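As stored in data-v7.tsv (TSV, N, CA and C atoms):
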```tsv
chain	number	residue	atom	x	y	z
U	225	ILE	N	16.75	-6.18	4.47
U	225	ILE	CA	16.09	-4.92	4.11
U	225	ILE	C	15.50	-5.04	2.71
U	226	GLY	N	16.13	-5.78	1.82
U	226	GLY	CA	15.63	-5.93	0.45
U	226	GLY	C	14.24	-6.55	0.40
U	227	ARG	N	14.03	-7.59	1.22
U	227	ARG	CA	12.71	-8.25	1.25
U	227	ARG	C	11.64	-7.30	1.77
U	228	VAL	N	12.00	-6.50	2.77
U	228	VAL	CA	11.05	-5.56	3.37
U	228	VAL	C	10.63	-4.52	2.34
U	229	LEU	N	11.59	-3.94	1.65
U	229	LEU	CA	11.29	-2.91	0.65
U	229	LEU	C	10.48	-3.49	-0.51
U	230	LYS	N	10.84	-4.69	-0.93
U	230	LYS	CA	10.11	-5.35	-2.03
U	230	LYS	C	8.64	-5.57	-1.66
U	231	LEU	N	8.40	-6.02	-0.43
U	231	LEU	CA	7.04	-6.26	0.03
U	231	LEU	C	6.27	-4.95	0.22
U	232	PHE	N	6.96	-3.95	0.72
U	232	PHE	CA	6.36	-2.61	0.89
U	232	PHE	C	5.87	-2.10	-0.47
U	233	LYS	N	6.72	-2.19	-1.48
U	233	LYS	CA	6.35	-1.73	-2.83
U	233	LYS	C	5.22	-2.58	-3.41
U	234	SER	N	5.29	-3.88	-3.18
U	234	SER	CA	4.26	-4.80	-3.67
U	234	SER	C	2.89	-4.47	-3.07
U	235	LEU	N	2.87	-4.19	-1.78
U	235	LEU	CA	1.60	-3.81	-1.13
U	235	LEU	C	1.04	-2.53	-1.73
U	236	HIS	N	1.90	-1.56	-2.00
U	236	HIS	CA	1.43	-0.31	-2.59
U	236	HIS	C	0.93	-0.51	-4.02
U	237	ARG	N	1.60	-1.36	-4.80
U	237	ARG	CA	1.12	-1.65	-6.16
U	237	ARG	C	-0.25	-2.33	-6.11
U	238	THR	N	-0.39	-3.29	-5.21
U	238	THR	CA	-1.67	-3.99	-5.06
U	238	THR	C	-2.75	-3.03	-4.61
U	239	ARG	N	-2.43	-2.16	-3.68
U	239	ARG	CA	-3.38	-1.14	-3.20
U	239	ARG	C	-3.87	-0.29	-4.36
U	240	GLN	N	-2.95	0.15	-5.21
U	240	GLN	CA	-3.32	1.00	-6.34
U	240	GLN	C	-4.23	0.27	-7.33
U	241	GLU	N	-4.00	-1.01	-7.50
U	241	GLU	CA	-4.82	-1.79	-8.42
U	241	GLU	C	-6.20	-2.11	-7.82
U	242	VAL	N	-6.20	-2.55	-6.58
U	242	VAL	CA	-7.45	-2.98	-5.92
U	242	VAL	C	-8.41	-1.81	-5.70
U	243	PHE	N	-7.87	-0.66	-5.31
U	243	PHE	CA	-8.72	0.49	-4.98
U	243	PHE	C	-8.70	1.57	-6.05
U	244	LYS	N	-8.40	1.19	-7.28
U	244	LYS	CA	-8.33	2.14	-8.40
U	244	LYS	C	-9.60	2.99	-8.46
U	245	ASN	N	-9.44	4.28	-8.65
U	245	ASN	CA	-10.53	5.26	-8.76
U	245	ASN	C	-11.30	5.50	-7.47
U	246	ASP	N	-10.81	4.98	-6.35
U	246	ASP	CA	-11.46	5.20	-5.05
U	246	ASP	C	-10.47	5.94	-4.16
U	247	THR	N	-10.49	7.27	-4.25
U	247	THR	CA	-9.46	8.07	-3.58
U	247	THR	C	-9.45	7.87	-2.06
U	248	ARG	N	-10.63	7.73	-1.46
U	248	ARG	CA	-10.67	7.53	0.00
U	248	ARG	C	-10.01	6.22	0.40
U	249	ALA	N	-10.35	5.14	-0.30
U	249	ALA	CA	-9.76	3.84	0.02
U	249	ALA	C	-8.27	3.82	-0.30
U	250	LEU	N	-7.88	4.44	-1.41
U	250	LEU	CA	-6.46	4.51	-1.76
U	250	LEU	C	-5.66	5.19	-0.67
U	251	GLU	N	-6.16	6.32	-0.19
U	251	GLU	CA	-5.45	7.08	0.85
U	251	GLU	C	-5.44	6.34	2.17
U	252	ALA	N	-6.56	5.75	2.56
U	252	ALA	CA	-6.63	5.01	3.82
U	252	ALA	C	-5.66	3.82	3.80
U	253	ALA	N	-5.63	3.09	2.68
U	253	ALA	CA	-4.72	1.95	2.57
U	253	ALA	C	-3.26	2.42	2.57
U	254	ARG	N	-2.98	3.53	1.88
U	254	ARG	CA	-1.62	4.08	1.85
U	254	ARG	C	-1.14	4.42	3.27
U	255	GLN	N	-2.02	5.10	4.01
U	255	GLN	CA	-1.67	5.49	5.37
U	255	GLN	C	-1.44	4.28	6.26
U	256	LYS	N	-2.29	3.27	6.13
U	256	LYS	CA	-2.18	2.07	6.97
U	256	LYS	C	-0.90	1.30	6.66
U	257	ILE	N	-0.59	1.12	5.39
U	257	ILE	CA	0.65	0.42	5.01
U	257	ILE	C	1.86	1.17	5.56
U	258	ASN	N	1.90	2.48	5.30
U	258	ASN	CA	3.04	3.29	5.77
U	258	ASN	C	3.16	3.26	7.29
U	259	GLU	N	2.02	3.36	7.97
U	259	GLU	CA	2.01	3.36	9.44
U	259	GLU	C	2.54	2.04	9.99
U	260	GLU	N	2.08	0.92	9.45
U	260	GLU	CA	2.53	-0.39	9.94
U	260	GLU	C	4.03	-0.59	9.72
U	261	PHE	N	4.53	-0.21	8.56
U	261	PHE	CA	5.96	-0.36	8.30
U	261	PHE	C	6.77	0.58	9.19
U	262	LYS	N	6.27	1.81	9.38
U	262	LYS	CA	6.99	2.78	10.22
U	262	LYS	C	7.03	2.32	11.68
U	263	ASN	N	5.90	1.77	12.17
U	263	ASN	CA	5.83	1.30	13.55
U	263	ASN	C	6.83	0.19	13.85
U	264	HIS	N	7.26	-0.52	12.82
U	264	HIS	CA	8.15	-1.66	13.04
U	264	HIS	C	9.53	-1.47	12.39
U	265	GLN	N	9.85	-0.22	12.01
U	265	GLN	CA	11.11	0.01	11.30
U	265	GLN	C	12.35	-0.25	12.15
U	266	ASP	N	12.22	-0.19	13.47
U	266	ASP	CA	13.37	-0.40	14.34
U	266	ASP	C	13.46	-1.83	14.87
U	267	GLU	N	12.60	-2.71	14.36
U	267	GLU	CA	12.60	-4.11	14.80
U	267	GLU	C	13.92	-4.78	14.41
U	268	THR	N	14.52	-5.49	15.36
U	268	THR	CA	15.80	-6.13	15.08
U	268	THR	C	15.73	-7.65	15.17
U	269	SER	N	14.70	-8.18	15.82
U	269	SER	CA	14.56	-9.63	15.95
U	269	SER	C	14.23	-10.26	14.61
U	270	GLU	N	15.12	-11.15	14.16
U	270	GLU	CA	14.92	-11.83	12.87
U	270	GLU	C	13.59	-12.59	12.86
U	271	GLU	N	13.28	-13.23	13.98
U	271	GLU	CA	12.03	-14.00	14.09
U	271	GLU	C	10.81	-13.08	13.96
U	272	LYS	N	10.82	-11.96	14.63
U	272	LYS	CA	9.71	-11.01	14.58
U	272	LYS	C	9.59	-10.39	13.19
U	273	ILE	N	10.72	-10.08	12.56
U	273	ILE	CA	10.71	-9.52	11.21
U	273	ILE	C	10.08	-10.51	10.24
U	274	ASN	N	10.48	-11.78	10.34
U	274	ASN	CA	9.90	-12.81	9.47
U	274	ASN	C	8.40	-12.96	9.69
U	275	GLU	N	7.98	-12.87	10.94
U	275	GLU	CA	6.56	-12.95	11.28
U	275	GLU	C	5.79	-11.77	10.66
U	276	LEU	N	6.34	-10.58	10.77
U	276	LEU	CA	5.71	-9.38	10.19
U	276	LEU	C	5.67	-9.45	8.67
U	277	LEU	N	6.74	-9.97	8.06
U	277	LEU	CA	6.76	-10.11	6.61
U	277	LEU	C	5.70	-11.11	6.14
U	278	LYS	N	5.51	-12.17	6.91
U	278	LYS	CA	4.49	-13.17	6.57
U	278	LYS	C	3.10	-12.53	6.64
U	279	ILE	N	2.84	-11.75	7.66
U	279	ILE	CA	1.54	-11.06	7.79
U	279	ILE	C	1.33	-10.12	6.60
U	280	ALA	N	2.35	-9.32	6.28
U	280	ALA	CA	2.24	-8.37	5.18
U	280	ALA	C	2.01	-9.10	3.85
U	281	SER	N	2.69	-10.21	3.66
U	281	SER	CA	2.53	-11.01	2.45
U	281	SER	C	1.11	-11.57	2.36
U	282	ASP	N	0.60	-12.06	3.49
U	282	ASP	CA	-0.78	-12.59	3.53
U	282	ASP	C	-1.79	-11.49	3.21
U	283	VAL	N	-1.56	-10.30	3.74
U	283	VAL	CA	-2.46	-9.16	3.47
U	283	VAL	C	-2.47	-8.84	1.99
U	284	GLU	N	-1.29	-8.84	1.37
U	284	GLU	CA	-1.19	-8.55	-0.06
U	284	GLU	C	-2.00	-9.57	-0.87
U	285	VAL	N	-1.87	-10.84	-0.52
U	285	VAL	CA	-2.60	-11.90	-1.24
U	285	VAL	C	-4.11	-11.74	-1.04
U	286	ILE	N	-4.54	-11.46	0.17
U	286	ILE	CA	-5.97	-11.28	0.45
U	286	ILE	C	-6.52	-10.09	-0.33
U	287	LEU	N	-5.80	-8.98	-0.33
U	287	LEU	CA	-6.24	-7.81	-1.10
U	287	LEU	C	-6.38	-8.16	-2.57
U	288	ARG	N	-5.35	-8.83	-3.10
U	288	ARG	CA	-5.32	-9.13	-4.53
U	288	ARG	C	-6.37	-10.15	-4.95
U	289	THR	N	-6.68	-11.10	-4.07
U	289	THR	CA	-7.56	-12.21	-4.48
U	289	THR	C	-8.98	-12.13	-3.93
U	290	SER	N	-9.23	-11.29	-2.93
U	290	SER	CA	-10.53	-11.33	-2.26
U	290	SER	C	-11.31	-10.02	-2.23
U	291	VAL	N	-10.66	-8.90	-2.49
U	291	VAL	CA	-11.34	-7.61	-2.38
U	291	VAL	C	-11.91	-7.23	-3.74
U	292	ILE	N	-13.17	-6.81	-3.72
U	292	ILE	CA	-13.84	-6.38	-4.95
U	292	ILE	C	-14.47	-5.02	-4.69
U	293	GLN	N	-14.41	-4.13	-5.67
U	293	GLN	CA	-14.99	-2.80	-5.52
U	293	GLN	C	-16.49	-2.85	-5.80
U	294	ALA	N	-17.21	-2.01	-5.08
U	294	ALA	CA	-18.64	-1.85	-5.32
U	294	ALA	C	-18.93	-0.35	-5.41
U	295	VAL	N	-19.82	0.01	-6.34
U	295	VAL	CA	-20.15	1.42	-6.56
U	295	VAL	C	-21.65	1.62	-6.35
U	296	HIS	N	-22.00	2.59	-5.49
U	296	HIS	CA	-23.41	2.95	-5.31
U	296	HIS	C	-23.86	3.71	-6.56
U	297	THR	N	-24.87	3.18	-7.26
U	297	THR	CA	-25.36	3.89	-8.43
U	297	THR	C	-26.61	4.70	-8.10
U	298	ASP	N	-27.36	4.26	-7.12
U	298	ASP	CA	-28.47	5.05	-6.57
U	298	ASP	C	-28.75	4.50	-5.17
U	299	SER	N	-29.80	4.96	-4.53
U	299	SER	CA	-30.03	4.59	-3.14
U	299	SER	C	-30.28	3.09	-2.92
U	300	ASN	N	-30.73	2.39	-3.96
U	300	ASN	CA	-31.05	0.97	-3.79
U	300	ASN	C	-30.18	0.04	-4.63
U	301	ARG	N	-29.13	0.54	-5.21
U	301	ARG	CA	-28.38	-0.29	-6.14
U	301	ARG	C	-26.87	-0.12	-5.95
U	302	ILE	N	-26.19	-1.27	-5.98
U	302	ILE	CA	-24.73	-1.30	-5.93
U	302	ILE	C	-24.25	-2.13	-7.11
U	303	VAL	N	-23.26	-1.62	-7.82
U	303	VAL	CA	-22.69	-2.36	-8.94
U	303	VAL	C	-21.30	-2.84	-8.54
U	304	LEU	N	-21.05	-4.13	-8.71
U	304	LEU	CA	-19.74	-4.69	-8.41
U	304	LEU	C	-18.81	-4.47	-9.60
U	305	VAL	N	-17.56	-4.14	-9.29
U	305	VAL	CA	-16.57	-3.87	-10.34
U	305	VAL	C	-15.41	-4.85	-10.16
U	306	PRO	N	-15.55	-6.07	-10.70
U	306	PRO	CA	-14.47	-7.06	-10.52
U	306	PRO	C	-13.28	-6.77	-11.42
U	307	ARG	N	-12.09	-7.06	-10.92
U	307	ARG	CA	-10.88	-6.96	-11.74
U	307	ARG	C	-10.74	-8.26	-12.52
U	308	LYS	N	-10.07	-8.19	-13.67
U	308	LYS	CA	-9.93	-9.38	-14.52
U	308	LYS	C	-9.29	-10.54	-13.77
U	309	ASP	N	-8.30	-10.25	-12.93
U	309	ASP	CA	-7.60	-11.35	-12.25
U	309	ASP	C	-8.46	-12.01	-11.17
U	310	LEU	N	-9.60	-11.41	-10.83
U	310	LEU	CA	-10.52	-12.05	-9.87
U	310	LEU	C	-11.51	-12.98	-10.55
U	311	LEU	N	-11.77	-12.74	-11.82
U	311	LEU	CA	-12.75	-13.54	-12.52
U	311	LEU	C	-12.17	-14.92	-12.83
U	312	GLN	N	-12.97	-15.94	-12.57
U	312	GLN	CA	-12.54	-17.31	-12.83
U	312	GLN	C	-13.62	-18.02	-13.61
U	313	ASP	N	-13.21	-19.05	-14.33
U	313	ASP	CA	-14.20	-19.85	-15.04
U	313	ASP	C	-15.07	-20.56	-14.03
U	314	ASN	N	-16.36	-20.59	-14.32
U	314	ASN	CA	-17.28	-21.31	-13.46
U	314	ASN	C	-17.13	-22.80	-13.65
U	315	THR	N	-17.06	-23.53	-12.56
U	315	THR	CA	-17.07	-24.99	-12.64
U	315	THR	C	-18.49	-25.42	-12.33
U	316	PRO	N	-19.13	-26.13	-13.24
U	316	PRO	CA	-20.51	-26.53	-12.99
U	316	PRO	C	-20.62	-27.42	-11.76
U	317	TYR	N	-21.69	-27.23	-11.04
U	317	TYR	CA	-21.95	-28.04	-9.86
U	317	TYR	C	-22.90	-29.17	-10.25
U	318	PHE	N	-22.54	-30.38	-9.88
U	318	PHE	CA	-23.40	-31.54	-10.15
U	318	PHE	C	-23.94	-32.06	-8.83
U	319	ASP	N	-25.26	-32.14	-8.76
U	319	ASP	CA	-25.90	-32.66	-7.56
U	319	ASP	C	-25.49	-34.10	-7.29
U	320	LYS	N	-25.49	-34.88	-8.35
U	320	LYS	CA	-25.12	-36.29	-8.22
U	320	LYS	C	-23.88	-36.53	-9.07
U	321	PRO	N	-22.82	-37.02	-8.45
U	321	PRO	CA	-21.60	-37.27	-9.23
U	321	PRO	C	-21.87	-38.31	-10.31
U	322	THR	N	-21.21	-38.13	-11.43
U	322	THR	CA	-21.39	-39.11	-12.50
U	322	THR	C	-20.63	-40.38	-12.16
U	323	LYS	N	-21.17	-41.50	-12.58
U	323	LYS	CA	-20.50	-42.78	-12.28
U	323	LYS	C	-19.32	-42.94	-13.22
U	324	LYS	N	-18.24	-43.41	-12.66
U	324	LYS	CA	-17.06	-43.67	-13.48
U	324	LYS	C	-17.23	-45.03	-14.14
U	325	HIS	N	-16.83	-45.11	-15.38
U	325	HIS	CA	-16.94	-46.36	-16.11
U	325	HIS	C	-15.90	-47.34	-15.62
U	326	GLU	N	-16.34	-48.55	-15.39
U	326	GLU	CA	-15.38	-49.57	-14.96
U	326	GLU	C	-15.01	-50.44	-16.14
U	327	SER	N	-13.73	-50.80	-16.23
U	327	SER	CA	-13.32	-51.62	-17.38
U	327	SER	C	-13.21	-53.08	-17.02
```
What do you get writing this file as structure tokens?
Amino acid sequence: IGRVLKLFKSLHRTRQEVFKNDTRALEAARQKINEEFKNHQDETSEEKINELLKIASDVEVILRTSVIQAVHTDSNRIVLVPRKDLLQDNTPYFDKPTKKHES
């Protein structure tokens, strides 16, 4: 039960961070998380519980690492609002790999 509650809380914290200032998305995600956990609250199979925990954990990672907010500023424009933890240093792309020096 401890792992289940920890993951439940983690999903809600991630939801609050990912969908910050978006009340519709916050509420929809809250309802979906609660609904999924409630639908499986009577599950007794250890194997099924572990499978569900893996799915929930994967969802949390995807939300945290892949979802980005976008805001409509007018009819033809959308502004992306990346979170700091999503931003990464750019690695330059080289068309032709550099030759390694041989000694």
Practice prompt. Once DSSP has gone over the backbone, tell me which residues of chain U are in helix (DSSP H, G or I), as a PyMOL selection string.
Written response: chain U and resi 226-242+247-263+270-290+308-310
Discussion item. Just want the 12 Å neighbourhood of Arg227 in chain U, counted on only C-alpha atoms, with same-chain residues fewer than 5 positions away dropped. Output as a PyMOL selection string.
Written reply: chain U and resi 232-234+273-274+276-278+280-281
Item to complete: Quick one: pull the distance between atom C of Val295 in chain U and atom N of Arg254 in chain U, Å, one decimal.
Response: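 Straight-line distance from atom C of Val295 in chain U to atom N of Arg254 in chain U works out to 20.5 Å.
Taking atom N of Lys308 in chain U and CA of Ile257 in chain U as the two end points, the separation is 23.2 Å.
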Worksheet entry | Pairwise distance for atom N of Asp298 in chain U and atom C of Ile286 in chain U, rounded to one decimal in Å | 26.2 Å
Fill in: Secondary structure check, strand (DSSP E or B) residues of chain U, as a ChimeraX atom specification
/U:293-298,301-305
With all atoms of range 257-271 of chain U from the file as input, state the centre and edge lengths in Å to one decimal of the axis-aligned box that has 8 Å extra on each side, as AutoDock Vina command-line options.
```
--center_x 7.6 --center_y -5.3 --center_z 10.5 --size_x 32.4 --size_y 33.4 --size_z 26.9
```
Worksheet entry | Nearest-residue call for Asp266 in chain U, choices U:Leu231, U:Ile225, U:Ile292, U:Leu310, using only C-alpha atoms |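 Looking only at the distances to Asp266 in chain U, the closest residue turns out to be U:Ile225.
Excluding range 249-253 of chain U itself and any same-chain residue fewer than 4 positions from it, the protein and nucleic acid residues within 8 Å of it, counting only N, CA and C atoms, are Leu235, His236, Arg239, Gln240, Val242, Phe243, Lys244, Asn245, Ile257, Asn258 and Glu259 of chain U.
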Practice prompt. Excluding Gln293 in chain U and residues on its chain fewer than 3 positions from it, collect all residues at most 6 Å away from it, counting only N, CA and C atoms, and give them as a PyMOL selection string.
Written response: chain U and resi 303-306
